[in-house]
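Student: Just dropping this structure here.
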Amino acid sequence: GDSVTQMEGPVTLSEEAFLTINCTYTATGYPSLFWYVQYPGEGLQLLLKATKADDKGSNKGFEATYRKETTSFHLEKGSVQVSDSAVYFCALSEGGNNRLAFGKGNQVVVIP
Amino acid sequence: NAGVTQTPKFQVLKTGQSMTLQCAQDMNHEYMSWYRQDPGMGLRLIHYSVGAGITDQGEVPNGYNVSRSTTEDFPLRLLSAAPSQTSVYFCASRRYSGDSGNTIYFGEGSWLTVV
């Protein structure tokens, strides 16, 4: 079935550092891909998405490009802030069943 | 903009007690679902519904019941709570169509502890 794999472990980095969170997926067709962010004590909210190959989603300085050839959707931000500390989830949705497959999430901690 | 509303936000239950987590959405979304979030496990789908009167099981349905009598509401029932059901629960909704790119909207979560 469809699945999403995120890199293991939390990510700790200093303010203004470059952030990359890896996400790869397995799907039988042509899924839509999403990044969701969860701030402490809150629900998940959409950060960005891409619905077809080579699309780039972007929001709040974050970017991710839908790479079909490598089945990846890595999240990047050039200069992180303390306020970017959160848990980030990669997800995919395929076909008409509207169900999402989520990665396990990555805790990002940005140190001043 | 209410979006997806969950209640209660926090609850402590004793083993064997029953309770219902409420979820309501005001976006006229056909698809609604319940997830639980546990450390190291990510989000796991409990039950979902694609419209009033239609429900189906997700990945971890045991110990939970749902019903969908209206488009707006999708309550989750724990009939006999167990410590293994200690978790954070999220309700979510989205438009149900052939477009896989529809955004899913989440509630703010319900923190449940079973002692």
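Residue names in the structure tokens use chain letters A, B, ... in the order shown, residue numbers from 1 in each chain, and ligand numbers from 1 in the order shown.
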Residues of chain A within 8 Å of chain B, counting only C-alpha atoms - could you list those as a PDB file with all heavy atoms, in the first residue's frame?

Tutor:
ATOM      1  N   PRO A  31       0.234  10.310  -6.685  1.00  0.00           N
ATOM      2  CA  PRO A  31      -0.360  10.934  -5.491  1.00  0.00           C
ATOM      3  C   PRO A  31      -0.150  12.440  -5.448  1.00  0.00           C
ATOM      4  O   PRO A  31       0.696  12.984  -6.161  1.00  0.00           O
ATOM      5  CB  PRO A  31       0.402  10.268  -4.343  1.00  0.00           C
ATOM      6  CG  PRO A  31       1.754   9.977  -4.929  1.00  0.00           C
ATOM      7  CD  PRO A  31       1.475   9.606  -6.374  1.00  0.00           C
ATOM      8  N   SER A  32      -0.910  13.083  -4.599  1.00  0.00           N
ATOM      9  CA  SER A  32      -0.604  14.439  -4.159  1.00  0.00           C
ATOM     10  C   SER A  32       0.231  14.319  -2.885  1.00  0.00           C
ATOM     11  O   SER A  32       0.055  13.395  -2.105  1.00  0.00           O
ATOM     12  CB  SER A  32      -1.878  15.226  -3.869  1.00  0.00           C
ATOM     13  OG  SER A  32      -2.607  15.449  -5.050  1.00  0.00           O
ATOM     14  N   LEU A  33       1.131  15.284  -2.712  1.00  0.00           N
ATOM     15  CA  LEU A  33       2.056  15.241  -1.572  1.00  0.00           C
ATOM     16  C   LEU A  33       1.899  16.494  -0.723  1.00  0.00           C
ATOM     17  O   LEU A  33       1.659  17.587  -1.258  1.00  0.00           O
ATOM     18  CB  LEU A  33       3.497  15.115  -2.066  1.00  0.00           C
ATOM     19  CG  LEU A  33       3.783  13.870  -2.915  1.00  0.00           C
ATOM     20  CD1 LEU A  33       5.182  13.948  -3.512  1.00  0.00           C
ATOM     21  CD2 LEU A  33       3.634  12.607  -2.087  1.00  0.00           C
ATOM     22  N   GLY A  41       1.112  21.713  21.315  1.00  0.00           N
ATOM     23  CA  GLY A  41      -0.236  21.817  21.861  1.00  0.00           C
ATOM     24  C   GLY A  41      -1.317  22.106  20.845  1.00  0.00           C
ATOM     25  O   GLY A  41      -2.459  22.393  21.225  1.00  0.00           O
ATOM     26  N   GLU A  42      -0.986  22.021  19.575  1.00  0.00           N
ATOM     27  CA  GLU A  42      -1.966  22.334  18.540  1.00  0.00           C
ATOM     28  C   GLU A  42      -2.176  21.167  17.590  1.00  0.00           C
ATOM     29  O   GLU A  42      -1.457  20.177  17.626  1.00  0.00           O
ATOM     30  CB  GLU A  42      -1.512  23.559  17.747  1.00  0.00           C
ATOM     31  CG  GLU A  42      -1.374  24.816  18.580  1.00  0.00           C
ATOM     32  CD  GLU A  42      -1.006  26.025  17.726  1.00  0.00           C
ATOM     33  OE1 GLU A  42      -1.032  25.925  16.486  1.00  0.00           O
ATOM     34  OE2 GLU A  42      -0.689  27.077  18.324  1.00  0.00           O
ATOM     35  N   GLY A  43      -3.170  21.305  16.734  1.00  0.00           N
ATOM     36  CA  GLY A  43      -3.401  20.323  15.696  1.00  0.00           C
ATOM     37  C   GLY A  43      -2.481  20.554  14.508  1.00  0.00           C
ATOM     38  O   GLY A  43      -1.687  21.483  14.489  1.00  0.00           O
ATOM     39  N   LEU A  44      -2.609  19.673  13.536  1.00  0.00           N
ATOM     40  CA  LEU A  44      -1.788  19.801  12.331  1.00  0.00           C
ATOM     41  C   LEU A  44      -2.408  20.837  11.405  1.00  0.00           C
ATOM     42  O   LEU A  44      -3.637  20.931  11.280  1.00  0.00           O
ATOM     43  CB  LEU A  44      -1.704  18.471  11.591  1.00  0.00           C
ATOM     44  CG  LEU A  44      -0.754  17.422  12.141  1.00  0.00           C
ATOM     45  CD1 LEU A  44      -1.305  16.797  13.409  1.00  0.00           C
ATOM     46  CD2 LEU A  44      -0.495  16.346  11.089  1.00  0.00           C
ATOM     47  N   GLN A  45      -1.557  21.566  10.739  1.00  0.00           N
ATOM     48  CA  GLN A  45      -2.039  22.502   9.727  1.00  0.00           C
ATOM     49  C   GLN A  45      -1.192  22.373   8.475  1.00  0.00           C
ATOM     50  O   GLN A  45       0.010  22.088   8.540  1.00  0.00           O
ATOM     51  CB  GLN A  45      -2.037  23.941  10.257  1.00  0.00           C
ATOM     52  CG  GLN A  45      -0.726  24.419  10.834  1.00  0.00           C
ATOM     53  CD  GLN A  45      -0.861  25.776  11.493  1.00  0.00           C
ATOM     54  OE1 GLN A  45      -0.815  26.800  10.817  1.00  0.00           O
ATOM     55  NE2 GLN A  45      -1.026  25.798  12.804  1.00  0.00           N
ATOM     56  N   LEU A  46      -1.822  22.595   7.344  1.00  0.00           N
ATOM     57  CA  LEU A  46      -1.134  22.450   6.072  1.00  0.00           C
ATOM     58  C   LEU A  46      -0.039  23.496   5.949  1.00  0.00           C
ATOM     59  O   LEU A  46      -0.271  24.687   6.159  1.00  0.00           O
ATOM     60  CB  LEU A  46      -2.127  22.608   4.926  1.00  0.00           C
ATOM     61  CG  LEU A  46      -1.523  22.508   3.527  1.00  0.00           C
ATOM     62  CD1 LEU A  46      -1.070  21.077   3.246  1.00  0.00           C
ATOM     63  CD2 LEU A  46      -2.539  22.962   2.478  1.00  0.00           C
ATOM     64  N   LYS A  49       1.818  22.022  -0.352  1.00  0.00           N
ATOM     65  CA  LYS A  49       1.475  20.790  -1.058  1.00  0.00           C
ATOM     66  C   LYS A  49       1.872  20.898  -2.514  1.00  0.00           C
ATOM     67  O   LYS A  49       2.118  22.003  -3.031  1.00  0.00           O
ATOM     68  CB  LYS A  49      -0.018  20.490  -0.924  1.00  0.00           C
ATOM     69  CG  LYS A  49      -0.934  21.456  -1.656  1.00  0.00           C
ATOM     70  CD  LYS A  49      -2.393  21.038  -1.476  1.00  0.00           C
ATOM     71  CE  LYS A  49      -3.326  21.999  -2.204  1.00  0.00           C
ATOM     72  NZ  LYS A  49      -4.770  21.634  -2.002  1.00  0.00           N
ATOM     73  N   ALA A  50       1.927  19.746  -3.170  1.00  0.00           N
ATOM     74  CA  ALA A  50       2.177  19.678  -4.606  1.00  0.00           C
ATOM     75  C   ALA A  50       1.347  18.526  -5.156  1.00  0.00           C
ATOM     76  O   ALA A  50       1.287  17.455  -4.542  1.00  0.00           O
ATOM     77  CB  ALA A  50       3.659  19.455  -4.894  1.00  0.00           C
ATOM     78  N   THR A  51       0.721  18.745  -6.272  1.00  0.00           N
ATOM     79  CA  THR A  51      -0.233  17.759  -6.770  1.00  0.00           C
ATOM     80  C   THR A  51       0.235  17.002  -8.004  1.00  0.00           C
ATOM     81  O   THR A  51      -0.430  16.045  -8.433  1.00  0.00           O
ATOM     82  CB  THR A  51      -1.592  18.414  -7.068  1.00  0.00           C
ATOM     83  OG1 THR A  51      -1.376  19.455  -8.037  1.00  0.00           O
ATOM     84  CG2 THR A  51      -2.196  19.005  -5.807  1.00  0.00           C
ATOM     85  N   SER A  93      -1.644  11.546  -0.622  1.00  0.00           N
ATOM     86  CA  SER A  93      -3.031  11.170  -0.866  1.00  0.00           C
ATOM     87  C   SER A  93      -3.124  10.727  -2.306  1.00  0.00           C
ATOM     88  O   SER A  93      -2.625  11.405  -3.201  1.00  0.00           O
ATOM     89  CB  SER A  93      -3.960  12.355  -0.612  1.00  0.00           C
ATOM     90  OG  SER A  93      -5.292  12.026  -0.926  1.00  0.00           O
ATOM     91  N   GLU A  94      -3.759   9.596  -2.505  1.00  0.00           N
ATOM     92  CA  GLU A  94      -3.809   9.048  -3.853  1.00  0.00           C
ATOM     93  C   GLU A  94      -5.220   8.649  -4.228  1.00  0.00           C
ATOM     94  O   GLU A  94      -5.935   8.071  -3.414  1.00  0.00           O
ATOM     95  CB  GLU A  94      -2.887   7.832  -3.962  1.00  0.00           C
ATOM     96  CG  GLU A  94      -2.803   7.260  -5.358  1.00  0.00           C
ATOM     97  CD  GLU A  94      -1.736   6.188  -5.478  1.00  0.00           C
ATOM     98  OE1 GLU A  94      -1.429   5.533  -4.473  1.00  0.00           O
ATOM     99  OE2 GLU A  94      -1.212   6.022  -6.587  1.00  0.00           O
ATOM    100  N   GLY A  95      -5.596   8.950  -5.422  1.00  0.00           N
ATOM    101  CA  GLY A  95      -6.831   8.446  -5.970  1.00  0.00           C
ATOM    102  C   GLY A  95      -8.069   9.006  -5.330  1.00  0.00           C
ATOM    103  O   GLY A  95      -8.045  10.037  -4.674  1.00  0.00           O
ATOM    104  N   GLY A  96      -9.153   8.278  -5.482  1.00  0.00           N
ATOM    105  CA  GLY A  96     -10.441   8.782  -5.036  1.00  0.00           C
ATOM    106  C   GLY A  96     -10.817   8.415  -3.632  1.00  0.00           C
ATOM    107  O   GLY A  96     -11.858   8.845  -3.149  1.00  0.00           O
ATOM    108  N   ASN A  97      -9.970   7.633  -2.931  1.00  0.00           N
ATOM    109  CA  ASN A  97     -10.403   7.231  -1.592  1.00  0.00           C
ATOM    110  C   ASN A  97     -10.148   8.301  -0.549  1.00  0.00           C
ATOM    111  O   ASN A  97     -10.624   8.209   0.570  1.00  0.00           O
ATOM    112  CB  ASN A  97      -9.753   5.903  -1.170  1.00  0.00           C
ATOM    113  CG  ASN A  97      -8.242   6.007  -1.034  1.00  0.00           C
ATOM    114  OD1 ASN A  97      -7.675   7.084  -0.898  1.00  0.00           O
ATOM    115  ND2 ASN A  97      -7.570   4.872  -1.077  1.00  0.00           N
ATOM    116  N   ASN A  98      -9.379   9.312  -0.894  1.00  0.00           N
ATOM    117  CA  ASN A  98      -9.170  10.471  -0.037  1.00  0.00           C
ATOM    118  C   ASN A  98      -8.484  10.176   1.297  1.00  0.00           C
ATOM    119  O   ASN A  98      -8.451  11.012   2.166  1.00  0.00           O
ATOM    120  CB  ASN A  98     -10.496  11.202   0.228  1.00  0.00           C
ATOM    121  CG  ASN A  98     -10.825  12.162  -0.884  1.00  0.00           C
ATOM    122  OD1 ASN A  98     -10.921  13.349  -0.693  1.00  0.00           O
ATOM    123  ND2 ASN A  98     -10.968  11.650  -2.088  1.00  0.00           N
ATOM    124  N   PHE A 102       0.582   9.119   6.343  1.00  0.00           N
ATOM    125  CA  PHE A 102       1.491  10.055   6.996  1.00  0.00           C
ATOM    126  C   PHE A 102       2.823   9.406   7.315  1.00  0.00           C
ATOM    127  O   PHE A 102       2.886   8.222   7.666  1.00  0.00           O
ATOM    128  CB  PHE A 102       0.886  10.546   8.319  1.00  0.00           C
ATOM    129  CG  PHE A 102      -0.191  11.572   8.155  1.00  0.00           C
ATOM    130  CD1 PHE A 102      -1.510  11.187   8.061  1.00  0.00           C
ATOM    131  CD2 PHE A 102       0.122  12.920   8.115  1.00  0.00           C
ATOM    132  CE1 PHE A 102      -2.508  12.140   7.915  1.00  0.00           C
ATOM    133  CE2 PHE A 102      -0.866  13.874   7.970  1.00  0.00           C
ATOM    134  CZ  PHE A 102      -2.181  13.478   7.868  1.00  0.00           C
ATOM    135  N   GLY A 103       3.880  10.201   7.240  1.00  0.00           N
ATOM    136  CA  GLY A 103       5.133   9.795   7.830  1.00  0.00           C
ATOM    137  C   GLY A 103       5.051   9.925   9.343  1.00  0.00           C
ATOM    138  O   GLY A 103       4.057  10.427   9.875  1.00  0.00           O
ATOM    139  N   LYS A 104       6.092   9.494  10.045  1.00  0.00           N
ATOM    140  CA  LYS A 104       6.064   9.513  11.504  1.00  0.00           C
ATOM    141  C   LYS A 104       6.372  10.871  12.105  1.00  0.00           C
ATOM    142  O   LYS A 104       6.249  11.055  13.322  1.00  0.00           O
ATOM    143  CB  LYS A 104       7.011   8.449  12.059  1.00  0.00           C
ATOM    144  CG  LYS A 104       6.545   7.043  11.740  1.00  0.00           C
ATOM    145  CD  LYS A 104       7.354   5.989  12.476  1.00  0.00           C
ATOM    146  CE  LYS A 104       6.768   4.610  12.202  1.00  0.00           C
ATOM    147  NZ  LYS A 104       7.519   3.546  12.889  1.00  0.00           N
ATOM    148  N   GLY A 105       6.770  11.804  11.284  1.00  0.00           N
ATOM    149  CA  GLY A 105       7.010  13.151  11.777  1.00  0.00           C
ATOM    150  C   GLY A 105       8.435  13.358  12.241  1.00  0.00           C
ATOM    151  O   GLY A 105       9.115  12.419  12.670  1.00  0.00           O
TER     152      GLY A 105
END

Student: If you count only C-alpha atoms, which residues fall within 10 Å of Val109 in chain A, apart from same-chain ones fewer than 2 positions away, as a VMD selection string?

Tutor: chain A and resid 10 to 15 80 to 87 106 to 107 111 to 112

Student: Might you pull out every residue within 7 Å of Thr7 in chain B, with only C-alpha atoms counted and same-chain residues fewer than 4 positions away left off, and present them as a list in words?

Tutor: Leu21, Gln22, Cys23 and Ser110 of chain B

Student: Could you save the residues just selected, with N, CA and C atoms, as an mmCIF file, in the first residue's frame?

Tutor:
data_model
loop_
_atom_site.group_PDB
_atom_site.id
_atom_site.type_symbol
_atom_site.label_atom_id
_atom_site.label_comp_id
_atom_site.auth_asym_id
_atom_site.auth_seq_id
_atom_site.Cartn_x
_atom_site.Cartn_y
_atom_site.Cartn_z
ATOM 1 N N LEU B 21 -15.764 11.387 22.330
ATOM 2 C CA LEU B 21 -15.079 12.589 21.840
ATOM 3 C C LEU B 21 -15.926 13.163 20.714
ATOM 4 N N GLN B 22 -16.212 14.442 20.845
ATOM 5 C CA GLN B 22 -17.068 15.074 19.856
ATOM 6 C C GLN B 22 -16.229 15.766 18.781
ATOM 7 N N CYS B 23 -16.743 15.744 17.563
ATOM 8 C CA CYS B 23 -16.104 16.433 16.454
ATOM 9 C C CYS B 23 -17.179 17.025 15.555
ATOM 10 N N SER B 110 -7.539 16.231 21.170
ATOM 11 C CA SER B 110 -8.091 15.890 22.487
ATOM 12 C C SER B 110 -7.079 14.996 23.195
#

Student: As a count of residues only, please: every residue in chain A that DSSP puts in strand (DSSP E).

Tutor: 57

Student: If we count only C-alpha atoms, what is near range 55-71 of chain A at a cut-off of 9 Å, once residues fewer than 3 positions away on the same chain are taken out, given as a PyMOL selection string?

Tutor: chain A and resi 23-27+30+32-35+47-52+74-80

Student: From the options B:Ala82, B:Thr15, B:Phe10, B:Trp34, which residue's atoms come nearest to Gln57 in chain B, counting only C-alpha atoms?

Tutor: B:Trp34

Student: DSSP on the backbone, then: every residue of chain A marked helix (DSSP H, G or I), written as a PyMOL selection string.

Tutor: chain A and resi 82-84+95-97

Student: I need the residues from that last selection saved to file as a JSON list (two decimals), in the first residue's frame (with all heavy atoms), if you can.

Tutor:
[["chain", "number", "residue", "atom", "x", "y", "z"],
["A", 82, "VAL", "N", 13.48, 30.58, 15.50],
["A", 82, "VAL", "CA", 13.02, 29.84, 16.68],
["A", 82, "VAL", "C", 11.55, 29.46, 16.55],
["A", 82, "VAL", "O", 11.13, 28.38, 16.97],
["A", 82, "VAL", "CB", 13.27, 30.67, 17.96],
["A", 82, "VAL", "CG1", 12.63, 30.01, 19.16],
["A", 82, "VAL", "CG2", 14.76, 30.87, 18.18],
["A", 83, "SER", "N", 10.77, 30.33, 15.92],
["A", 83, "SER", "CA", 9.34, 30.08, 15.75],
["A", 83, "SER", "C", 9.04, 28.92, 14.82],
["A", 83, "SER", "O", 7.88, 28.49, 14.73],
["A", 83, "SER", "CB", 8.64, 31.34, 15.23],
["A", 83, "SER", "OG", 9.22, 31.75, 14.02],
["A", 84, "ASP", "N", 10.03, 28.40, 14.12],
["A", 84, "ASP", "CA", 9.84, 27.23, 13.25],
["A", 84, "ASP", "C", 9.93, 25.92, 14.02],
["A", 84, "ASP", "O", 9.74, 24.84, 13.45],
["A", 84, "ASP", "CB", 10.89, 27.22, 12.12],
["A", 84, "ASP", "CG", 10.71, 28.37, 11.16],
["A", 84, "ASP", "OD1", 9.55, 28.75, 10.88],
["A", 84, "ASP", "OD2", 11.73, 28.90, 10.67],
["A", 95, "GLY", "N", -5.60, 8.95, -5.42],
["A", 95, "GLY", "CA", -6.83, 8.45, -5.97],
["A", 95, "GLY", "C", -8.07, 9.01, -5.33],
["A", 95, "GLY", "O", -8.05, 10.04, -4.67],
["A", 96, "GLY", "N", -9.15, 8.28, -5.48],
["A", 96, "GLY", "CA", -10.44, 8.78, -5.04],
["A", 96, "GLY", "C", -10.82, 8.41, -3.63],
["A", 96, "GLY", "O", -11.86, 8.85, -3.15],
["A", 97, "ASN", "N", -9.97, 7.63, -2.93],
["A", 97, "ASN", "CA", -10.40, 7.23, -1.59],
["A", 97, "ASN", "C", -10.15, 8.30, -0.55],
["A", 97, "ASN", "O", -10.62, 8.21, 0.57],
["A", 97, "ASN", "CB", -9.75, 5.90, -1.17],
["A", 97, "ASN", "CG", -8.24, 6.01, -1.03],
["A", 97, "ASN", "OD1", -7.68, 7.08, -0.90],
["A", 97, "ASN", "ND2", -7.57, 4.87, -1.08]]

Student: One number please: CA of Gln11 in chain B to CA of Phe74 in chain B, in Å, one decimal.

Tutor: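 Separating CA of Gln11 in chain B from CA of Phe74 in chain B is a distance of 18.2 Å.
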
Student: Please provide the set of residues having any atom within 6 Å of Ala101 in chain A, restricted to only C-alpha atoms, with same-chain residues fewer than 4 positions apart removed, written as a list in words.

Tutor: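 With the cut-off at 6 Å, the set is Ser3, Ala91 and Leu92 of chain A.
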
Student: Write the residues of the preceding selection, restricted to N, CA and C atoms, as an mmCIF file, in the first residue's frame.

Tutor:
data_model
loop_
_atom_site.group_PDB
_atom_site.id
_atom_site.type_symbol
_atom_site.label_atom_id
_atom_site.label_comp_id
_atom_site.auth_asym_id
_atom_site.auth_seq_id
_atom_site.Cartn_x
_atom_site.Cartn_y
_atom_site.Cartn_z
ATOM 1 N N SER A 3 2.753 4.470 1.255
ATOM 2 C CA SER A 3 3.469 4.748 2.501
ATOM 3 C C SER A 3 4.402 5.935 2.325
ATOM 4 N N ALA A 91 3.054 13.726 3.993
ATOM 5 C CA ALA A 91 1.877 12.894 3.770
ATOM 6 C C ALA A 91 1.588 12.787 2.281
ATOM 7 N N LEU A 92 0.887 11.740 1.903
ATOM 8 C CA LEU A 92 0.442 11.607 0.523
ATOM 9 C C LEU A 92 -1.009 11.195 0.480
#

Student: From the set B:Leu112, B:Ser93, B:Gly3, B:Ile54, which residue has the shortest atom-to-atom contact distance to Val66 in chain B, counting only C-alpha atoms?

Tutor: B:Ile54
